[in-house]
Structure formats: structure tokens, C-alpha cells
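Here's my_file39.cif, which has mmCIF, C-alpha atoms:
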```cif
data_work
loop_
_atom_site.label_atom_id
_atom_site.label_comp_id
_atom_site.auth_asym_id
_atom_site.auth_seq_id
_atom_site.Cartn_x
_atom_site.Cartn_y
_atom_site.Cartn_z
CA MET R 1 105.31 63.32 121.68
CA ILE R 2 103.25 66.03 123.33
CA ARG R 3 100.07 64.21 122.44
CA ASN R 4 101.40 61.07 124.13
CA LEU R 5 102.37 62.97 127.25
CA LYS R 6 98.96 64.59 127.41
CA THR R 7 97.32 61.20 127.05
CA ILE R 8 99.47 59.74 129.82
CA SER R 9 98.71 62.73 132.05
CA ALA R 10 95.00 62.38 131.44
CA LEU R 11 95.17 58.66 132.19
CA ILE R 12 97.03 59.15 135.46
CA LEU R 13 94.66 61.90 136.50
CA SER R 14 91.65 59.72 135.69
CA LEU R 15 93.00 56.94 137.85
CA LEU R 16 93.58 59.35 140.72
CA ILE R 17 90.12 60.80 140.37
CA ALA R 18 88.49 57.40 140.23
CA GLY R 19 90.48 56.13 143.19
CA CYS R 20 90.07 58.69 145.90
CA ILE R 21 88.95 62.11 144.86
CA GLY R 22 85.37 61.46 145.85
CA SER R 23 85.94 61.86 149.56
CA GLY R 24 85.85 64.62 152.11
CA THR R 25 86.92 65.23 155.67
CA ILE R 26 84.06 65.94 158.04
CA ILE R 27 84.14 67.07 161.66
CA PHE R 28 81.18 66.62 163.96
CA VAL R 29 80.58 67.20 167.65
CA PHE R 30 78.77 64.66 169.77
CA ASP R 31 77.62 66.09 173.09
CA LEU R 32 77.51 63.62 175.98
CA ASP R 33 74.83 63.96 178.61
CA GLU R 34 76.32 65.63 181.67
CA PHE R 35 76.89 63.09 184.40
CA VAL R 36 78.41 62.67 187.86
CA SER R 37 80.38 59.56 188.68
CA SER R 38 81.81 58.56 192.03
CA SER R 39 83.57 55.67 193.63
CA ALA R 40 80.36 54.98 195.50
CA GLY R 41 78.12 55.23 192.45
CA MET R 42 79.90 54.90 189.16
CA GLU R 43 78.13 56.33 186.11
CA VAL R 44 78.22 55.14 182.52
CA VAL R 45 77.02 56.99 179.42
CA GLU R 46 75.70 55.44 176.24
CA VAL R 47 77.15 56.80 173.01
CA ASP R 48 75.02 56.18 169.95
CA LEU R 49 76.57 58.18 167.15
CA THR R 50 73.69 57.39 164.82
CA THR R 51 71.71 60.02 166.73
CA ASN R 52 74.05 62.59 165.19
CA SER R 53 72.90 63.57 161.70
CA ASP R 54 76.43 64.21 160.37
CA TYR R 55 77.48 60.72 161.39
CA ASN R 56 74.25 59.08 160.36
CA ASP R 57 74.28 60.68 156.91
CA ASN R 58 77.76 59.33 156.25
CA LYS R 59 77.98 56.11 158.27
CA ASP R 60 77.77 53.90 155.19
CA LYS R 61 80.45 55.91 153.39
CA ILE R 62 83.08 56.15 156.12
CA LYS R 63 86.58 55.56 154.76
CA SER R 64 88.43 56.31 157.98
CA ILE R 65 88.00 57.79 161.42
CA ASP R 66 90.88 60.25 161.51
CA GLN R 67 90.67 61.70 165.00
CA VAL R 68 88.58 61.46 168.14
CA THR R 69 89.08 64.12 170.79
CA VAL R 70 87.50 64.79 174.17
CA VAL R 71 86.57 68.40 174.95
CA GLY R 72 84.89 69.84 178.02
CA TRP R 73 84.78 70.25 181.76
CA PHE R 74 85.88 67.91 184.54
CA VAL R 75 84.77 69.13 187.96
CA ASN R 76 86.35 67.59 191.03
CA LEU R 77 83.70 67.46 193.74
CA GLU R 78 86.06 66.06 196.37
CA PRO R 79 88.57 68.09 198.45
CA ALA R 80 91.59 66.03 197.35
CA ASP R 81 93.48 66.47 194.07
CA ASN R 82 92.67 63.87 191.45
CA GLN R 83 92.76 63.04 187.75
CA ALA R 84 89.61 62.18 185.85
CA GLU R 85 89.66 59.17 183.57
CA LEU R 86 87.43 57.94 180.77
CA TYR R 87 87.09 54.31 179.76
CA VAL R 88 85.27 52.88 176.76
CA ALA R 89 83.63 49.49 176.31
CA ASP R 90 81.11 47.78 174.09
CA VAL R 91 78.78 47.16 177.03
CA GLY R 92 77.45 49.32 179.82
CA THR R 93 77.10 46.61 182.42
CA TYR R 94 80.27 46.98 184.45
CA SER R 95 79.21 48.07 187.91
CA THR R 96 82.41 48.79 189.81
CA PRO R 97 85.61 50.69 189.03
CA ALA R 98 87.49 47.41 189.35
CA ASP R 99 85.30 45.82 186.68
CA VAL R 100 85.84 48.76 184.39
CA ARG R 101 89.59 48.78 184.83
CA ALA R 102 89.70 45.04 184.18
CA ASN R 103 87.47 44.96 181.12
CA ALA R 104 87.27 48.38 179.47
CA THR R 105 89.95 50.50 177.78
CA ARG R 106 91.19 53.74 179.26
CA VAL R 107 91.15 56.41 176.56
CA PHE R 108 91.56 59.66 178.47
CA VAL R 109 93.36 60.96 181.56
CA SER R 110 92.84 64.57 182.56
CA PRO R 111 95.45 66.89 183.99
CA VAL R 112 95.44 67.05 187.79
CA MET R 113 92.26 68.64 189.12
CA ALA R 114 92.82 70.51 192.34
CA GLY R 115 90.45 69.65 195.16
CA SER R 116 86.99 71.17 194.64
CA ASP R 117 88.17 72.67 191.37
CA SER R 118 87.80 71.95 187.68
CA VAL R 119 89.78 71.69 184.50
CA PHE R 120 88.70 72.54 180.98
CA ILE R 121 90.05 70.63 178.01
CA SER R 122 89.89 72.59 174.77
CA TRP R 123 89.82 71.18 171.25
CA SER R 124 93.50 71.86 170.72
CA ASP R 125 94.43 70.25 174.07
CA GLY R 126 92.26 67.17 173.82
CA LEU R 127 94.49 64.84 171.87
CA SER R 128 97.42 65.24 174.22
CA HIS R 129 95.36 63.53 176.95
CA ILE R 130 94.04 60.68 174.80
CA GLU R 131 95.30 57.13 175.26
CA ASN R 132 94.62 54.11 173.07
CA LEU R 133 93.49 56.28 170.20
CA THR R 134 93.19 53.31 167.89
CA VAL R 135 90.61 51.71 170.19
CA LEU R 136 88.72 54.98 170.40
CA LYS R 137 88.72 55.31 166.62
CA ASP R 138 87.45 51.75 166.28
CA LYS R 139 84.60 52.47 168.70
CA ALA R 140 83.68 55.61 166.77
CA ASP R 141 83.77 53.65 163.54
CA ALA R 142 81.38 51.11 165.05
CA GLY R 143 79.14 53.99 166.10
CA TYR R 144 77.96 52.57 169.41
CA PHE R 145 79.80 52.23 172.71
CA TRP R 146 79.76 53.16 176.37
CA ILE R 147 81.87 55.67 178.29
CA TYR R 148 82.66 55.17 181.96
CA GLY R 149 83.76 58.06 184.17
CA LEU R 150 86.39 57.22 186.76
CA ALA R 151 89.28 58.94 188.49
CA ALA R 152 92.80 57.91 189.28
CA ASP R 153 92.36 57.93 193.08
CA SER R 154 89.52 56.88 195.35
CA PRO R 155 87.35 58.18 196.76
CA PHE R 156 86.33 60.32 193.82
CA THR R 157 83.31 62.29 192.75
CA VAL R 158 83.62 63.99 189.39
CA ARG R 159 81.13 65.85 187.24
CA TYR R 160 81.72 65.40 183.51
CA ARG R 161 80.39 67.85 180.92
CA LEU R 162 81.93 66.63 177.69
CA SER R 163 81.75 66.48 173.94
CA LEU R 164 83.46 64.15 171.53
CA VAL R 165 84.93 65.82 168.46
CA ILE R 166 85.22 63.28 165.68
CA THR R 167 87.01 63.81 162.38
CA MET R 168 86.28 61.32 159.66
CA THR R 169 86.86 60.87 155.96
CA ALA R 170 83.82 59.75 154.03
CA GLY R 171 82.83 59.29 150.44
CA LEU R 172 80.98 62.22 148.95
CA MET X 1 126.20 61.79 139.35
CA LYS X 2 129.85 62.73 138.76
CA LYS X 3 129.11 63.09 135.08
CA ILE X 4 125.78 64.84 135.44
CA VAL X 5 126.95 67.73 137.62
CA PRO X 6 129.73 68.93 135.27
CA ALA X 7 127.37 68.58 132.36
CA LEU X 8 124.79 70.78 134.07
CA ILE X 9 127.44 73.36 134.97
CA LEU X 10 128.60 73.38 131.37
CA LEU X 11 125.07 73.94 130.17
CA VAL X 12 124.59 76.81 132.59
CA MET X 13 127.75 78.46 131.35
CA THR X 14 126.99 77.93 127.70
CA GLY X 15 125.00 80.77 126.28
CA SER X 16 124.74 79.05 122.95
CA ALA X 17 122.36 76.57 124.53
CA ASN X 18 119.77 79.35 124.39
CA ALA X 19 116.99 77.90 122.28
CA ILE X 20 117.67 74.28 123.01
CA THR X 21 118.36 74.21 126.72
CA ASP X 22 116.88 76.43 129.36
CA ILE X 23 117.79 76.12 132.99
CA SER X 24 115.99 78.30 135.48
CA ALA X 25 115.56 78.65 139.19
CA GLY X 26 113.08 80.70 141.09
CA LEU X 27 111.00 81.56 144.10
CA PHE X 28 107.26 81.53 144.34
CA GLY X 29 104.54 82.17 146.87
CA GLY X 30 100.79 82.01 146.99
CA LEU X 31 97.64 80.56 148.43
CA ASN X 32 96.76 77.10 149.58
CA PHE X 33 93.08 76.05 149.59
CA PRO X 34 91.98 72.77 151.17
CA VAL X 35 89.23 71.10 149.18
CA ALA X 36 86.44 69.24 151.02
CA GLN X 37 88.40 69.25 154.28
CA GLU X 38 86.70 70.67 157.36
CA ASP X 39 89.80 70.14 159.49
CA SER X 40 91.80 72.90 157.87
CA LYS X 41 91.29 76.30 156.32
CA SER X 42 93.01 78.15 153.54
CA GLY X 43 96.51 79.41 154.12
CA ASN X 44 99.56 80.48 152.24
CA GLY X 45 102.93 79.15 151.26
CA PHE X 46 106.15 79.66 149.42
CA GLY X 47 108.64 77.53 147.60
CA LEU X 48 111.72 77.11 145.47
CA ARG X 49 112.00 75.45 142.11
CA ALA X 50 114.72 74.58 139.63
CA LYS X 51 113.71 73.71 136.08
CA PHE X 52 115.61 72.10 133.26
CA SER X 53 114.23 72.26 129.73
CA PRO X 54 116.12 70.06 127.30
CA SER X 55 113.78 71.23 124.57
CA PRO X 56 111.35 74.14 124.21
CA MET X 57 108.43 71.78 124.74
CA ILE X 58 109.45 69.53 127.61
CA ALA X 59 110.91 70.28 130.99
CA GLY X 60 111.48 68.72 134.36
CA SER X 61 111.79 70.40 137.68
CA VAL X 62 112.47 69.77 141.33
CA PHE X 63 110.68 71.85 143.91
CA TYR X 64 110.24 72.43 147.61
CA GLU X 65 107.15 74.01 149.16
CA ASN X 66 106.46 75.14 152.69
CA ARG X 67 102.80 75.91 153.29
CA SER X 68 100.45 76.52 156.15
CA PHE X 69 96.76 75.89 156.64
CA GLY X 70 94.46 78.16 158.59
CA ASP X 71 93.09 76.91 161.90
CA PRO X 72 89.65 75.27 161.72
CA GLU X 73 87.02 76.62 164.10
CA LEU X 74 84.17 74.91 165.90
CA THR X 75 81.62 75.85 168.54
CA ILE X 76 81.74 73.21 171.23
CA LEU X 77 79.72 73.39 174.46
CA GLY X 78 78.87 76.98 173.59
CA GLN X 79 82.46 78.06 173.16
CA THR X 80 84.21 78.83 169.90
CA MET X 81 87.46 76.91 169.67
CA THR X 82 90.18 76.33 167.15
CA THR X 83 92.82 73.72 166.64
CA ASP X 84 96.02 73.82 164.66
CA GLY X 85 95.52 73.74 160.90
CA GLY X 86 99.08 72.63 160.49
CA LYS X 87 101.92 73.06 158.08
CA VAL X 88 102.77 71.15 154.96
CA THR X 89 106.12 70.55 153.36
CA ALA X 90 106.27 69.06 149.91
CA PHE X 91 109.41 68.05 148.10
CA GLY X 92 109.01 66.64 144.66
CA VAL X 93 109.56 66.52 140.97
CA GLU X 94 107.34 67.36 138.05
CA ALA X 95 107.24 67.09 134.31
CA MET X 96 106.06 69.96 132.16
CA ILE X 97 104.81 69.96 128.62
CA GLY X 98 103.84 72.85 126.40
CA SER X 99 105.93 75.94 125.90
CA VAL X 100 108.47 75.59 128.66
CA GLY X 101 111.70 76.95 127.22
CA GLY X 102 113.21 78.73 124.32
CA GLY X 103 113.59 82.28 125.45
CA MET X 104 111.78 85.53 125.86
CA GLY X 105 108.03 85.84 125.57
CA PRO X 106 104.95 84.10 126.88
CA HIS X 107 105.00 80.40 127.73
CA PHE X 108 101.99 78.28 128.61
CA TYR X 109 102.40 74.77 129.92
CA TRP X 110 100.92 71.94 131.96
CA ALA X 111 102.73 70.29 134.84
CA LEU X 112 102.25 66.84 136.33
CA GLY X 113 104.15 65.96 139.47
CA ILE X 114 104.73 63.77 142.45
CA SER X 115 105.91 64.80 145.88
CA ASN X 116 106.68 63.69 149.37
CA TYR X 117 103.86 65.39 151.30
CA LYS X 118 104.18 65.88 155.04
CA TRP X 119 101.46 67.51 157.14
CA THR X 120 102.33 68.36 160.73
CA ARG X 121 99.95 69.72 163.37
CA ASP X 122 100.41 70.48 167.02
CA GLY X 123 99.11 67.59 169.08
CA TYR X 124 98.49 65.33 166.10
CA GLU X 125 100.45 62.58 164.45
CA ASP X 126 102.23 63.65 161.29
CA LEU X 127 100.75 62.58 157.98
CA SER X 128 103.47 61.65 155.53
CA LYS X 129 102.31 60.40 152.14
CA ILE X 130 102.97 60.59 148.45
CA GLY X 131 101.05 63.37 146.73
CA TYR X 132 100.25 63.95 143.08
CA HIS X 133 99.44 67.18 141.32
CA LEU X 134 98.43 68.56 137.98
CA GLY X 135 97.93 72.09 136.80
CA PRO X 136 98.60 74.81 134.26
CA GLY X 137 101.23 77.51 134.35
CA PHE X 138 102.02 80.65 132.49
CA GLU X 139 105.40 82.35 132.41
CA LEU X 140 106.39 85.56 130.74
CA VAL X 141 110.13 85.75 130.17
CA VAL X 142 111.29 89.34 129.86
CA PRO X 143 114.70 90.83 129.07
CA ALA X 144 117.43 90.22 131.63
CA ASN X 145 116.35 86.58 131.62
CA ILE X 146 113.73 87.09 134.27
CA GLY X 147 110.56 85.06 134.10
CA LEU X 148 107.34 86.13 135.80
CA GLU X 149 105.16 83.14 136.42
CA ILE X 150 101.69 82.30 137.62
CA ARG X 151 100.51 78.77 138.07
CA GLY X 152 97.77 76.73 139.60
CA LYS X 153 97.69 73.15 140.64
CA PHE X 154 95.35 70.60 142.06
CA GLU X 155 96.96 68.26 144.53
CA ILE X 156 95.66 64.95 145.78
CA VAL X 157 97.23 62.91 148.56
CA PRO X 158 95.77 59.42 148.95
CA THR X 159 95.36 58.42 152.59
CA ASP X 160 94.70 55.18 154.41
CA GLY X 161 91.24 53.77 153.98
CA GLY X 162 90.73 54.94 150.42
CA GLY X 163 90.25 58.62 151.13
CA SER X 164 92.47 61.50 150.20
CA ARG X 165 93.45 65.02 151.07
CA LYS X 166 93.00 67.51 148.29
CA ASN X 167 94.31 71.03 147.88
CA ALA X 168 94.10 73.71 145.25
CA LEU X 169 97.08 76.02 145.02
CA VAL X 170 97.76 79.27 143.22
CA PHE X 171 101.30 80.60 143.08
CA ILE X 172 103.06 83.56 141.53
CA GLY X 173 106.78 83.56 141.20
CA VAL X 174 109.88 84.88 139.59
CA ASN X 175 112.54 82.81 137.83
CA TYR X 176 116.00 83.50 136.52
CA HIS X 177 116.92 81.72 133.29
CA PHE X 178 120.56 80.78 133.25
CA GLY X 179 120.68 79.21 129.82
CA LEU X 180 119.54 82.20 127.78
CA PRO X 181 121.80 84.90 126.36
CA ALA X 182 121.52 88.30 128.04
CA GLY X 183 118.44 90.07 126.76
CA GLY X 184 116.67 86.86 126.01
CA MET X 185 116.44 85.31 122.59
#
```
Encoded form using C-alpha cells:
Amino acid sequence: MIRNLKTISALILSLLIAGCIGSGTIIFVFDLDEFVSSSAGMEVVEVDLTTNSDYNDNKDKIKSIDQVTVVGWFVNLEPADNQAELYVADVGTYSTPADVRANATRVFVSPVMAGSDSVFISWSDGLSHIENLTVLKDKADAGYFWIYGLAADSPFTVRYRLSLVITMTAGL
Amino acid sequence: MKKIVPALILLVMTGSANAITDISAGLFGGLNFPVAQEDSKSGNGFGLRAKFSPSPMIAGSVFYENRSFGDPELTILGQTMTTDGGKVTAFGVEAMIGSVGGGMGPHFYWALGISNYKWTRDGYEDLSKIGYHLGPGFELVVPANIGLEIRGKFEIVPTDGGGSRKNALVFIGVNYHFGLPAGGM
């Protein structure tokens, strides 16, 4: 009886081990180049995660992108209050805020920035300002996308100094 | 259910069930170590467990655990930041084989279990999955029907995409054995 139970236990454990034990959760930080975007001259930033060694070393073993968070500074360079926004797209060719709003996906909206002031989004705060997380995870999984900096109201001029914090599960 | 409850009560009240049937309940606490998970750090936890041993070699138990993970830390844009490591509740059942009943003295066993695992973190979606665990335990039952127990377990919680969350746990606890005569056997 005991021998049978031990055998069954070993069998179940083996199946568990074979199925999913060989994975780990990894966090890496991808720093975006600082940029200034305005209603008069919108800026877009290329994100190529393969330039990050943590991502690149594991890109063929990714099992899931678990979280993507935005961390950093948003500086409002205009006198009026505003909210910074981030959009993602597969291409970096949209040239106007209207094009971006029509074709890209909004993934982040900052708290209200007072005129000529800034807000800082910490790691623990980031997710509460994320929208369309599934789209953002899909972009991170693909490893290459573009981020557009906009703001809720025009005219806007915002300086963005940001990092993406990405949590993924990958095979070991 | 109407038949099971009176039967269990009868067993609890029947001292003559000493060597055959052992029913115990206890509290435990200990440490909780995430394995290969950068998004959480080690923490602690506590729990409750009730065990029923129909024979000295086989037992079943139900348990509840409430654990916490430590907050992970990262340096981002030159600043050190943390985010919530979260809390885990696990409610489950397990089977034990080895020396799991029969009275006073040392008892060594292995446990294999399944639980409803729920991980909650501030600002994150809850993760609610089925978890599995396996691990050894050692209990020393002393007079007055008190059992002092130490146990370890390895827990694995399969997640979407073929990955898993894995934890190693070490608990110490104390149990009271209802089914034994006073002074043990």
C-alpha cells in the first residue's frame, strides 16, 4: 500500500516537474531615450527589446509576459495643467496626434501634471495608470514596437524620461 | 455529510480509538521562499491544519495558509524602488504516508497535496490557480497529546503559458491529538 502511494506520488511529481518546473520569473528594465514631444512636433521612440541582454538571452524561451509597467518622469513644459499619454504601435510613421489616436493604442495616462511641473511614477504606482495591458504585453512579447508621447489636451509640450519594467516567465 | 459529522465526533470522543484513529488539529508558522522568481522575496506565513489518520500509516488533512512575500527591489533611473511582493492564501487538502498516527513518539512522513492558491498584490491582478506540493514532515508526539512538528514542502503552481510559480516552505507547528488517551499511548 505504502509502496503504491509512493509510486503514485513520484509519478505525479515527475509529471509536474516535466511540465513546468523549468521556468523562472525574470524582471528587466528597459530605459527609453529621453524625449520631448509637443503638439507642434510630436516625438516617437523606437523600442527594440533585443538590445536588452536579459530579454535577448531569453527571447526564445518566453512562456509569458506577466507585467509591463511604466516608471519615470513626466515634465509638463506648458503653463496649463495636463495629463501625459503614451501610445504604442507597430510602426513609427504616424506624424500627427490625430493619426496616433486613430491608429495606435493608448497604454498609459499620467496623473494630472500641474502647469510647468512634473510627476514621477514609481514602480509600485505604474500599473494603476496602465491601459490596454494585454496590448502592451503583446508588444513586449513581440520585442519591437514604437512609443508615442502625447498629452490629453493641446497645446502640449512634455518631456518624458521613462523606463519600462517588464516581468516575464521564461524557460530556464 | 449528516452521517460523517457524528461519526467524526464519535471518534474524537472515543479514547479507545487510540492506535487506530488519530485526529489532530494544530497551528503552524514559518518561512516562505520563492524559487526562481525575481518578482518576490522571501517572507513568512502561518496556517491551521486538521488531520485525520484512519491508520498509523495513512492520513489526510485539510489546511489553510496565509503567507506573505517580501517586496522585490529594483534600481530604476538611478532610484531604488520596491513594489508589493504580495500575499498568498492557500486552502487545500493533502495525503500523508509514513508514520502519521498511533500515539506518542517520533513520526516521519511524506505529504502530497493540492490547494487553491491565490496571490494578491497591490496594483496587480490576482493570480488564482491550483497549486501542488510535496514534502517531508516530522512530528514528535509528547505526553498530554501534544505534537511538535517540523515540515518542509515544495510547492508548484502552474500558470498560463506553461510556466509556474514555485515556492519552498518550512514550517514548525504544534498539534493537539484528540484521538489518543491522556498521556499518549
- Query: Which value, in Å to one decimal, gives the distance between atom CA of Pro56 of chain X and atom CA of Leu27 of chain X?
  - Reply: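 Value for the atom CA of Pro56 of chain X-atom CA of Leu27 of chain X distance: 21.2 Å.
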- Item | Test item: the PyMOL selection byres ((chain R) within 6 of (chain X)) resolved as a list in words |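 That expression, the PyMOL selection byres ((chain R) within 6 of (chain X)), corresponds here to Cys20, Ser23, Gly24, Thr25, Ile26, Lys63, Ser64, Ser124 and Ser128 of chain R.
Take the PyMOL selection byres ((chain R and resi 90-99) around 6) and apply it to this file: it picks Ala89, Val100, Arg101, Ala102, Phe145 and Trp146 of chain R.
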- Message: Please expand the PyMOL selection byres ((chain R and resi 46-56) around 7) into the concrete residues it hits in this file, giving the result as a PyMOL selection string.
- Response: chain R and resi 28+30+44-45+57-59+143-147
- segment 69-76 of chain R environment, 10 Å, all atoms listed in the file, sequence neighbours closer than 5 positions dropped, as number ranges by chain: R: 29-32, 34, 36, 81-86, 107-108, 110-130, 133, 136-137, 151, 156-167; X: 76-77, 79
